[in-house]
Structures are given as structure tokens and as C-alpha cells.
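Only one structure is covered here, and it is reproduced in the block below.
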Amino acid sequence: PEVDEIGAKWARYFGDRLTQYRNRRGGIYQMGLYTVSAHVPMGQNVGASADGRYAKDPLADGGVSAMYGRDTNGPTALLSSVASLDQKRALGTPVLNFCIDPAIHDNHLKALILGYMQLGGMQMQITCADAKTLQEAYDNPDLHRNLVVRVGGYSDYFWKLSDELKRMVIERSIQRGV
């Protein structure tokens, strides 16, 4: 909760500051909370961060997604944390990439999605794959030619991704239940 409040505070500050400026047509700027597919090149222009990310390493994909492997307290904690941001101030942009284990029960997934939306979450982009399948697809692409994953702001066949993007998808935490 303490770290969530810091993130929410800075997002509010950023959103408030943007409204003080006008674009060329006289409209206000609106905050965006996304990197879409630019998390790799954007990260190359950012120094090390307090969470242990090294300088020039990729940022979290999507924008409000967790850094790879750092969402270790389960899906409910992750979704509550992301929902602590006032996403209505960044309409259409807060992209949360979320990877779930295919063994998750349908009712659990439904509860996670509905709970996130009730907390103010805007969208979830879900990949359904387990760690074994992802690693197998990395090692032997021909075995999983139909595996599609969320990358940033887009989906693609896993085998088509660069090695760097494949490793990033593999390193995501895979959520296993409520």
C-alpha cells in the first residue's frame, strides 16, 4: 500500500501538470499510462530504477504491467496495486499485460477480471500459457507455431518475436489463482 500510494501520487501529479498546457488546437493534454510496444527502446533511454532495474534495460511492457517476475504476491495483490492508479485520468491507455496458467479455473479468472474492473481497472490483456510451454516454444519453435502472446500493445506469434522479447514474455510471473 505504501508503494502503491507513491505511484498514485506521482500519476496524479503528472496528470495535474499536463492539464496546465494547451496543444496547438487549444485542447488540453491527457495523461497516458502506456508504453505499448516501445518498452524496449524507451528503456534504453532511462537510467537504473529503485526497483533493481538496470540502466537501459526494458521498462515494464504495456505501461501499468508489473516488471517481469516482480509481481510475487499473487494476482489479487497485483490487480489491487495497479487499480490504485486513477486510470480514468488516462482513458484508453492503462495497458495491463497479465499472464495466467491455463489450469486456472474459469470462475477464478472471472472473479479476477470483475474484481479488477470494480476497483477501477480499465483493461487487461491476457496471455494464457504456462512456463513449461513458453520455454518449450523458445527451445523448439516448431512445436508451438500457433502460440500467440501479448507483447506490449499487440499480440503476436511467439515464434516470430525477437529472442529478447521471447525472454521477456517467459520472465513474466504466471498467475495461478485468486
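Ordered as shown in the C-alpha cells, chains take letters A, B, and onward, while each chain numbers its residues from 1 and ligands are numbered from 1 in the order shown.
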Per residue of range 18-113 of chain A within 9 Å of range 143-158 of chain A, which atom pair is closest and at what distance in Å (one decimal), using only C-alpha atoms, listed by chain and increasing number, as JSON lines?
```
{"residue": "A:Tyr34", "atom": "CA", "partner": "A:Gly153", "partner_atom": "CA", "distance": 8.4}
{"residue": "A:Thr35", "atom": "CA", "partner": "A:Gly152", "partner_atom": "CA", "distance": 7.2}
{"residue": "A:Val36", "atom": "CA", "partner": "A:Gly153", "partner_atom": "CA", "distance": 4.1}
{"residue": "A:Ser37", "atom": "CA", "partner": "A:Gly152", "partner_atom": "CA", "distance": 4.5}
{"residue": "A:Ala38", "atom": "CA", "partner": "A:Gly152", "partner_atom": "CA", "distance": 7.7}
{"residue": "A:His39", "atom": "CA", "partner": "A:Gly152", "partner_atom": "CA", "distance": 7.5}
{"residue": "A:Ala60", "atom": "CA", "partner": "A:Gly152", "partner_atom": "CA", "distance": 8.8}
{"residue": "A:Asp61", "atom": "CA", "partner": "A:Gly152", "partner_atom": "CA", "distance": 5.0}
{"residue": "A:Gly62", "atom": "CA", "partner": "A:Gly152", "partner_atom": "CA", "distance": 4.6}
{"residue": "A:Gly63", "atom": "CA", "partner": "A:Gly152", "partner_atom": "CA", "distance": 8.2}
{"residue": "A:Val95", "atom": "CA", "partner": "A:Gly153", "partner_atom": "CA", "distance": 7.3}
{"residue": "A:Leu96", "atom": "CA", "partner": "A:Gly152", "partner_atom": "CA", "distance": 8.9}
{"residue": "A:Asn97", "atom": "CA", "partner": "A:Arg150", "partner_atom": "CA", "distance": 6.8}
{"residue": "A:Phe98", "atom": "CA", "partner": "A:Arg150", "partner_atom": "CA", "distance": 8.4}
{"residue": "A:Cys99", "atom": "CA", "partner": "A:Arg150", "partner_atom": "CA", "distance": 8.6}
```
May I have the residues from that selection written out with all heavy atoms, as a CSV table (one decimal), in the first residue's frame?
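Saved to again.csv:
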```
chain,number,residue,atom,x,y,z
A,34,TYR,N,1.0,4.2,-20.7
A,34,TYR,CA,1.3,3.1,-21.6
A,34,TYR,C,2.7,3.2,-22.3
A,34,TYR,O,3.2,4.3,-22.5
A,34,TYR,CB,0.3,2.9,-22.6
A,34,TYR,CG,0.1,4.1,-23.6
A,34,TYR,CD1,0.7,4.1,-24.8
A,34,TYR,CD2,-0.5,5.2,-23.2
A,34,TYR,CE1,0.7,5.1,-25.7
A,34,TYR,CE2,-0.6,6.3,-24.1
A,34,TYR,CZ,0.0,6.3,-25.3
A,34,TYR,OH,-0.1,7.3,-26.2
A,35,THR,N,3.2,2.1,-22.6
A,35,THR,CA,4.4,2.1,-23.5
A,35,THR,C,4.2,1.4,-24.7
A,35,THR,O,5.0,1.4,-25.6
A,35,THR,CB,5.6,1.4,-22.7
A,35,THR,OG1,5.2,0.1,-22.3
A,35,THR,CG2,6.1,2.2,-21.5
A,36,VAL,N,3.0,0.7,-24.8
A,36,VAL,CA,2.6,-0.1,-25.9
A,36,VAL,C,3.8,-1.1,-26.3
A,36,VAL,O,4.2,-1.8,-25.5
A,36,VAL,CB,2.1,0.7,-27.1
A,36,VAL,CG1,1.5,-0.2,-28.2
A,36,VAL,CG2,1.1,1.7,-26.7
A,37,SER,N,4.3,-0.9,-27.5
A,37,SER,CA,5.4,-1.8,-27.8
A,37,SER,C,6.8,-1.1,-27.8
A,37,SER,O,7.8,-1.6,-28.2
A,37,SER,CB,5.2,-2.4,-29.2
A,37,SER,OG,5.1,-1.4,-30.2
A,38,ALA,N,6.8,0.0,-27.1
A,38,ALA,CA,8.1,0.8,-27.1
A,38,ALA,C,8.8,0.6,-25.8
A,38,ALA,O,9.8,1.4,-25.5
A,38,ALA,CB,7.7,2.3,-27.3
A,39,HIS,N,8.5,-0.4,-25.0
A,39,HIS,CA,9.1,-0.5,-23.7
A,39,HIS,C,10.6,-0.9,-23.8
A,39,HIS,O,11.4,-0.5,-22.9
A,39,HIS,CB,8.4,-1.6,-22.8
A,39,HIS,CG,8.2,-2.9,-23.5
A,39,HIS,ND1,7.4,-3.2,-24.5
A,39,HIS,CD2,8.9,-4.1,-23.2
A,39,HIS,CE1,7.5,-4.4,-24.8
A,39,HIS,NE2,8.4,-5.0,-24.1
A,60,ALA,N,8.7,-2.0,-18.0
A,60,ALA,CA,7.6,-2.9,-18.0
A,60,ALA,C,6.8,-2.8,-19.2
A,60,ALA,O,6.5,-1.7,-19.7
A,60,ALA,CB,6.7,-2.7,-16.7
A,61,ASP,N,6.3,-3.9,-19.8
A,61,ASP,CA,5.6,-3.8,-21.0
A,61,ASP,C,4.2,-3.3,-20.8
A,61,ASP,O,3.6,-3.5,-19.7
A,61,ASP,CB,5.5,-5.1,-21.8
A,61,ASP,CG,4.9,-6.2,-21.0
A,61,ASP,OD1,3.9,-6.0,-20.3
A,61,ASP,OD2,5.4,-7.4,-21.0
A,62,GLY,N,3.6,-2.7,-21.7
A,62,GLY,CA,2.2,-2.2,-21.6
A,62,GLY,C,2.0,-0.9,-20.9
A,62,GLY,O,1.2,-0.1,-21.3
A,63,GLY,N,2.7,-0.6,-19.9
A,63,GLY,CA,2.6,0.6,-19.2
A,63,GLY,C,2.3,0.5,-17.7
A,63,GLY,O,3.0,1.0,-16.9
A,95,VAL,N,-2.5,-0.1,-20.0
A,95,VAL,CA,-2.4,-1.4,-20.5
A,95,VAL,C,-1.8,-2.4,-19.4
A,95,VAL,O,-0.6,-2.1,-19.0
A,95,VAL,CB,-1.6,-1.5,-21.8
A,95,VAL,CG1,-1.4,-2.9,-22.3
A,95,VAL,CG2,-2.2,-0.6,-22.9
A,96,LEU,N,-2.5,-3.4,-19.0
A,96,LEU,CA,-2.0,-4.3,-18.1
A,96,LEU,C,-1.9,-5.7,-18.8
A,96,LEU,O,-2.9,-6.3,-19.1
A,96,LEU,CB,-2.9,-4.5,-16.8
A,96,LEU,CG,-2.6,-5.6,-15.9
A,96,LEU,CD1,-1.3,-5.5,-15.3
A,96,LEU,CD2,-3.7,-5.7,-14.8
A,97,ASN,N,-0.7,-6.1,-19.0
A,97,ASN,CA,-0.5,-7.4,-19.6
A,97,ASN,C,-0.5,-8.4,-18.4
A,97,ASN,O,0.2,-8.2,-17.4
A,97,ASN,CB,0.8,-7.5,-20.3
A,97,ASN,CG,0.7,-6.8,-21.7
A,97,ASN,OD1,-0.3,-6.8,-22.3
A,97,ASN,ND2,1.8,-6.2,-22.1
A,98,PHE,N,-1.2,-9.5,-18.5
A,98,PHE,CA,-1.4,-10.4,-17.4
A,98,PHE,C,-1.3,-11.8,-17.9
A,98,PHE,O,-2.0,-12.2,-18.9
A,98,PHE,CB,-2.8,-10.1,-16.9
A,98,PHE,CG,-3.2,-10.8,-15.6
A,98,PHE,CD1,-2.7,-10.3,-14.4
A,98,PHE,CD2,-4.1,-11.8,-15.6
A,98,PHE,CE1,-3.1,-10.9,-13.2
A,98,PHE,CE2,-4.5,-12.4,-14.4
A,98,PHE,CZ,-4.0,-11.9,-13.2
A,99,CYS,N,-0.4,-12.6,-17.4
A,99,CYS,CA,-0.2,-14.0,-17.8
A,99,CYS,C,-0.8,-14.9,-16.8
A,99,CYS,O,-0.4,-14.9,-15.6
A,99,CYS,CB,1.3,-14.2,-18.0
A,99,CYS,SG,1.6,-15.7,-19.0
```
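One finds CA of Leu91 in chain A at 12.0 Å from CA of Tyr29 in chain A.
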Checklist entry - So which residues touch Arg167 in chain A within 10 Å, counting only C-alpha atoms, skipping near sequence neighbours fewer than 6 positions away, as a PyMOL selection string? => result chain A and resi 68+134-135+138+161
Keeping only C-alpha atoms, write those residues as a short mmCIF file (atom, residue, chain, number, x, y, z; two decimals), in the first residue's frame.
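Okay, this is what ended up in selection18.cif:
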```cif
data_model
loop_
_atom_site.label_atom_id
_atom_site.label_comp_id
_atom_site.auth_asym_id
_atom_site.auth_seq_id
_atom_site.Cartn_x
_atom_site.Cartn_y
_atom_site.Cartn_z
CA TYR A 68 8.96 -9.17 -15.18
CA LEU A 134 6.75 -20.93 -23.14
CA GLN A 135 10.21 -22.41 -22.57
CA TYR A 138 11.53 -20.90 -27.12
CA LEU A 161 9.36 -12.46 -31.62
#
```
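CA of Ala55 in chain A to CA of Arg172 in chain A spans 19.3 Å [interatomic distance, one decimal].
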Item to check | Selection near Gly7 in chain A, 10 Å with only C-alpha atoms, sequence-local residues under 4 positions removed, as a ChimeraX atom specification | outcome: /A:1-3,11-13,81-82,84-85
Preceding selection exported with N, CA and C atoms as a short mmCIF file (atom, residue, chain, number, x, y, z; two decimals), in the first residue's frame:
```
data_model
loop_
_atom_site.label_atom_id
_atom_site.label_comp_id
_atom_site.auth_asym_id
_atom_site.auth_seq_id
_atom_site.Cartn_x
_atom_site.Cartn_y
_atom_site.Cartn_z
N PRO A 1 0.81 -1.22 0.00
CA PRO A 1 0.00 0.00 0.00
C PRO A 1 0.85 1.28 0.00
N GLU A 2 1.96 1.26 0.70
CA GLU A 2 2.82 2.44 0.76
C GLU A 2 3.38 2.79 -0.62
N VAL A 3 3.88 1.78 -1.31
CA VAL A 3 4.45 1.98 -2.65
C VAL A 3 3.34 2.33 -3.64
N ALA A 11 1.39 9.76 -10.38
CA ALA A 11 0.50 9.76 -11.54
C ALA A 11 -0.47 10.94 -11.46
N ARG A 12 -0.99 11.21 -10.26
CA ARG A 12 -1.87 12.39 -10.08
C ARG A 12 -1.11 13.67 -10.40
N TYR A 13 0.10 13.79 -9.90
CA TYR A 13 0.93 14.97 -10.14
C TYR A 13 1.15 15.18 -11.64
N SER A 81 -2.92 -3.45 -6.73
CA SER A 81 -1.86 -2.46 -6.85
C SER A 81 -2.05 -1.59 -8.09
N VAL A 82 -2.29 -2.21 -9.22
CA VAL A 82 -2.47 -1.47 -10.47
C VAL A 82 -3.73 -0.61 -10.40
N SER A 84 -4.85 0.90 -7.97
CA SER A 84 -4.68 2.07 -7.09
C SER A 84 -4.37 3.34 -7.88
N LEU A 85 -3.98 3.19 -9.15
CA LEU A 85 -3.78 4.35 -10.03
C LEU A 85 -5.15 4.83 -10.50
#
```
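Inside range 16-103 of chain A, the residues DSSP reads as strand (DSSP E) when given the backbone are Leu96, Asn97, Phe98, Cys99 and Ile100 of chain A.
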Next on the checklist: Can you pull out the residues contacting Gly15 in chain A? Cut-off 9 Å, using only C-alpha atoms, and skip same-chain residues under 6 positions away; I want them as a PyMOL selection string.
Outcome noted: chain A and resi 29-32+89-90
Checklist entry - DSSP says alpha helix (DSSP H) for which residues of range 33-160 of chain A? Put them as a PyMOL selection string? => result chain A and resi 39-43+75-83+106-118+131-139
Using only N, CA, C and O atoms, please write the residues we just selected to a file, as a CSV table (one decimal), in the first residue's frame.
```
chain,number,residue,atom,x,y,z
A,39,HIS,N,8.5,-0.4,-25.0
A,39,HIS,CA,9.1,-0.5,-23.7
A,39,HIS,C,10.6,-0.9,-23.8
A,39,HIS,O,11.4,-0.5,-22.9
A,40,VAL,N,11.0,-1.5,-24.9
A,40,VAL,CA,12.4,-1.8,-25.0
A,40,VAL,C,13.2,-0.6,-25.4
A,40,VAL,O,14.1,-0.2,-24.7
A,41,PRO,N,12.8,0.1,-26.5
A,41,PRO,CA,13.6,1.4,-26.9
A,41,PRO,C,13.5,2.5,-25.8
A,41,PRO,O,14.4,3.2,-25.6
A,42,MET,N,12.3,2.6,-25.2
A,42,MET,CA,12.2,3.6,-24.1
A,42,MET,C,13.1,3.3,-22.9
A,42,MET,O,13.7,4.2,-22.4
A,43,GLY,N,13.2,2.0,-22.6
A,43,GLY,CA,14.1,1.6,-21.5
A,43,GLY,C,15.6,2.0,-21.8
A,43,GLY,O,16.3,2.2,-20.8
A,75,PRO,N,-2.1,-12.8,-8.0
A,75,PRO,CA,-2.9,-11.9,-8.9
A,75,PRO,C,-3.7,-10.9,-8.2
A,75,PRO,O,-3.9,-9.8,-8.7
A,76,THR,N,-4.3,-11.2,-7.1
A,76,THR,CA,-5.1,-10.2,-6.4
A,76,THR,C,-4.3,-9.0,-5.9
A,76,THR,O,-4.7,-7.9,-6.1
A,77,ALA,N,-3.1,-9.3,-5.4
A,77,ALA,CA,-2.3,-8.2,-5.0
A,77,ALA,C,-1.8,-7.3,-6.2
A,77,ALA,O,-1.8,-6.1,-6.1
A,78,LEU,N,-1.5,-8.0,-7.3
A,78,LEU,CA,-1.1,-7.3,-8.5
A,78,LEU,C,-2.2,-6.4,-9.0
A,78,LEU,O,-2.0,-5.2,-9.3
A,79,LEU,N,-3.4,-7.0,-9.1
A,79,LEU,CA,-4.5,-6.2,-9.7
A,79,LEU,C,-4.9,-5.0,-8.7
A,79,LEU,O,-5.3,-4.0,-9.2
A,80,SER,N,-4.9,-5.3,-7.4
A,80,SER,CA,-5.2,-4.2,-6.5
A,80,SER,C,-4.2,-3.1,-6.6
A,80,SER,O,-4.5,-1.9,-6.5
A,81,SER,N,-2.9,-3.5,-6.7
A,81,SER,CA,-1.9,-2.5,-6.9
A,81,SER,C,-2.1,-1.6,-8.1
A,81,SER,O,-2.0,-0.4,-8.0
A,82,VAL,N,-2.3,-2.2,-9.2
A,82,VAL,CA,-2.5,-1.5,-10.5
A,82,VAL,C,-3.7,-0.6,-10.4
A,82,VAL,O,-3.7,0.5,-10.9
A,83,ALA,N,-4.8,-1.1,-9.8
A,83,ALA,CA,-6.0,-0.4,-9.7
A,83,ALA,C,-5.9,0.8,-8.8
A,83,ALA,O,-6.8,1.7,-8.8
A,106,ASP,N,-12.1,-21.3,-14.5
A,106,ASP,CA,-12.8,-20.2,-15.2
A,106,ASP,C,-13.4,-19.2,-14.2
A,106,ASP,O,-13.4,-18.0,-14.4
A,107,ASN,N,-14.0,-19.7,-13.1
A,107,ASN,CA,-14.6,-18.9,-12.1
A,107,ASN,C,-13.6,-18.0,-11.4
A,107,ASN,O,-13.9,-16.8,-11.0
A,108,HIS,N,-12.4,-18.5,-11.2
A,108,HIS,CA,-11.3,-17.7,-10.6
A,108,HIS,C,-10.9,-16.5,-11.5
A,108,HIS,O,-10.8,-15.4,-11.1
A,109,LEU,N,-10.8,-16.9,-12.8
A,109,LEU,CA,-10.4,-15.8,-13.8
A,109,LEU,C,-11.5,-14.8,-13.9
A,109,LEU,O,-11.2,-13.6,-13.9
A,110,LYS,N,-12.7,-15.2,-13.9
A,110,LYS,CA,-13.9,-14.3,-14.0
A,110,LYS,C,-13.9,-13.4,-12.8
A,110,LYS,O,-14.0,-12.1,-12.9
A,111,ALA,N,-13.6,-13.9,-11.6
A,111,ALA,CA,-13.6,-13.1,-10.3
A,111,ALA,C,-12.4,-12.1,-10.4
A,111,ALA,O,-12.6,-11.0,-10.0
A,112,LEU,N,-11.3,-12.5,-10.9
A,112,LEU,CA,-10.2,-11.6,-11.0
A,112,LEU,C,-10.5,-10.4,-12.0
A,112,LEU,O,-10.2,-9.2,-11.6
A,113,ILE,N,-11.0,-10.7,-13.1
A,113,ILE,CA,-11.4,-9.7,-14.1
A,113,ILE,C,-12.4,-8.7,-13.5
A,113,ILE,O,-12.3,-7.5,-13.6
A,114,LEU,N,-13.5,-9.3,-13.0
A,114,LEU,CA,-14.6,-8.4,-12.5
A,114,LEU,C,-14.1,-7.6,-11.3
A,114,LEU,O,-14.5,-6.4,-11.2
A,115,GLY,N,-13.3,-8.2,-10.4
A,115,GLY,CA,-12.8,-7.5,-9.3
A,115,GLY,C,-11.9,-6.4,-9.7
A,115,GLY,O,-12.0,-5.2,-9.1
A,116,TYR,N,-11.1,-6.6,-10.7
A,116,TYR,CA,-10.2,-5.5,-11.2
A,116,TYR,C,-11.0,-4.4,-11.7
A,116,TYR,O,-10.7,-3.2,-11.5
A,117,MET,N,-12.0,-4.7,-12.5
A,117,MET,CA,-12.8,-3.6,-13.1
A,117,MET,C,-13.6,-2.9,-12.0
A,117,MET,O,-13.7,-1.6,-12.1
A,118,GLN,N,-14.1,-3.6,-11.0
A,118,GLN,CA,-14.8,-2.9,-9.9
A,118,GLN,C,-13.9,-2.0,-9.1
A,118,GLN,O,-14.3,-0.9,-8.6
A,131,ALA,N,4.7,-21.8,-17.8
A,131,ALA,CA,6.2,-21.6,-18.0
A,131,ALA,C,6.8,-22.7,-18.9
A,131,ALA,O,7.7,-22.4,-19.7
A,132,LYS,N,6.3,-23.9,-18.7
A,132,LYS,CA,6.9,-25.0,-19.5
A,132,LYS,C,6.6,-24.9,-21.0
A,132,LYS,O,7.5,-25.1,-21.8
A,133,THR,N,5.4,-24.5,-21.3
A,133,THR,CA,5.0,-24.3,-22.7
A,133,THR,C,5.9,-23.2,-23.3
A,133,THR,O,6.4,-23.3,-24.5
A,134,LEU,N,6.0,-22.1,-22.6
A,134,LEU,CA,6.8,-20.9,-23.1
A,134,LEU,C,8.2,-21.3,-23.4
A,134,LEU,O,8.8,-21.0,-24.4
A,135,GLN,N,8.8,-22.0,-22.4
A,135,GLN,CA,10.2,-22.4,-22.6
A,135,GLN,C,10.4,-23.4,-23.7
A,135,GLN,O,11.3,-23.3,-24.5
A,136,GLU,N,9.4,-24.3,-23.8
A,136,GLU,CA,9.4,-25.3,-24.9
A,136,GLU,C,9.3,-24.6,-26.3
A,136,GLU,O,10.0,-25.0,-27.2
A,137,ALA,N,8.5,-23.6,-26.3
A,137,ALA,CA,8.3,-22.8,-27.6
A,137,ALA,C,9.5,-22.0,-27.9
A,137,ALA,O,9.9,-21.8,-29.1
A,138,TYR,N,10.3,-21.6,-26.9
A,138,TYR,CA,11.5,-20.9,-27.1
A,138,TYR,C,12.6,-21.9,-27.7
A,138,TYR,O,13.3,-21.6,-28.6
A,139,ASP,N,12.7,-23.0,-27.0
A,139,ASP,CA,13.7,-24.0,-27.4
A,139,ASP,C,13.4,-24.7,-28.7
A,139,ASP,O,14.3,-25.0,-29.5
```
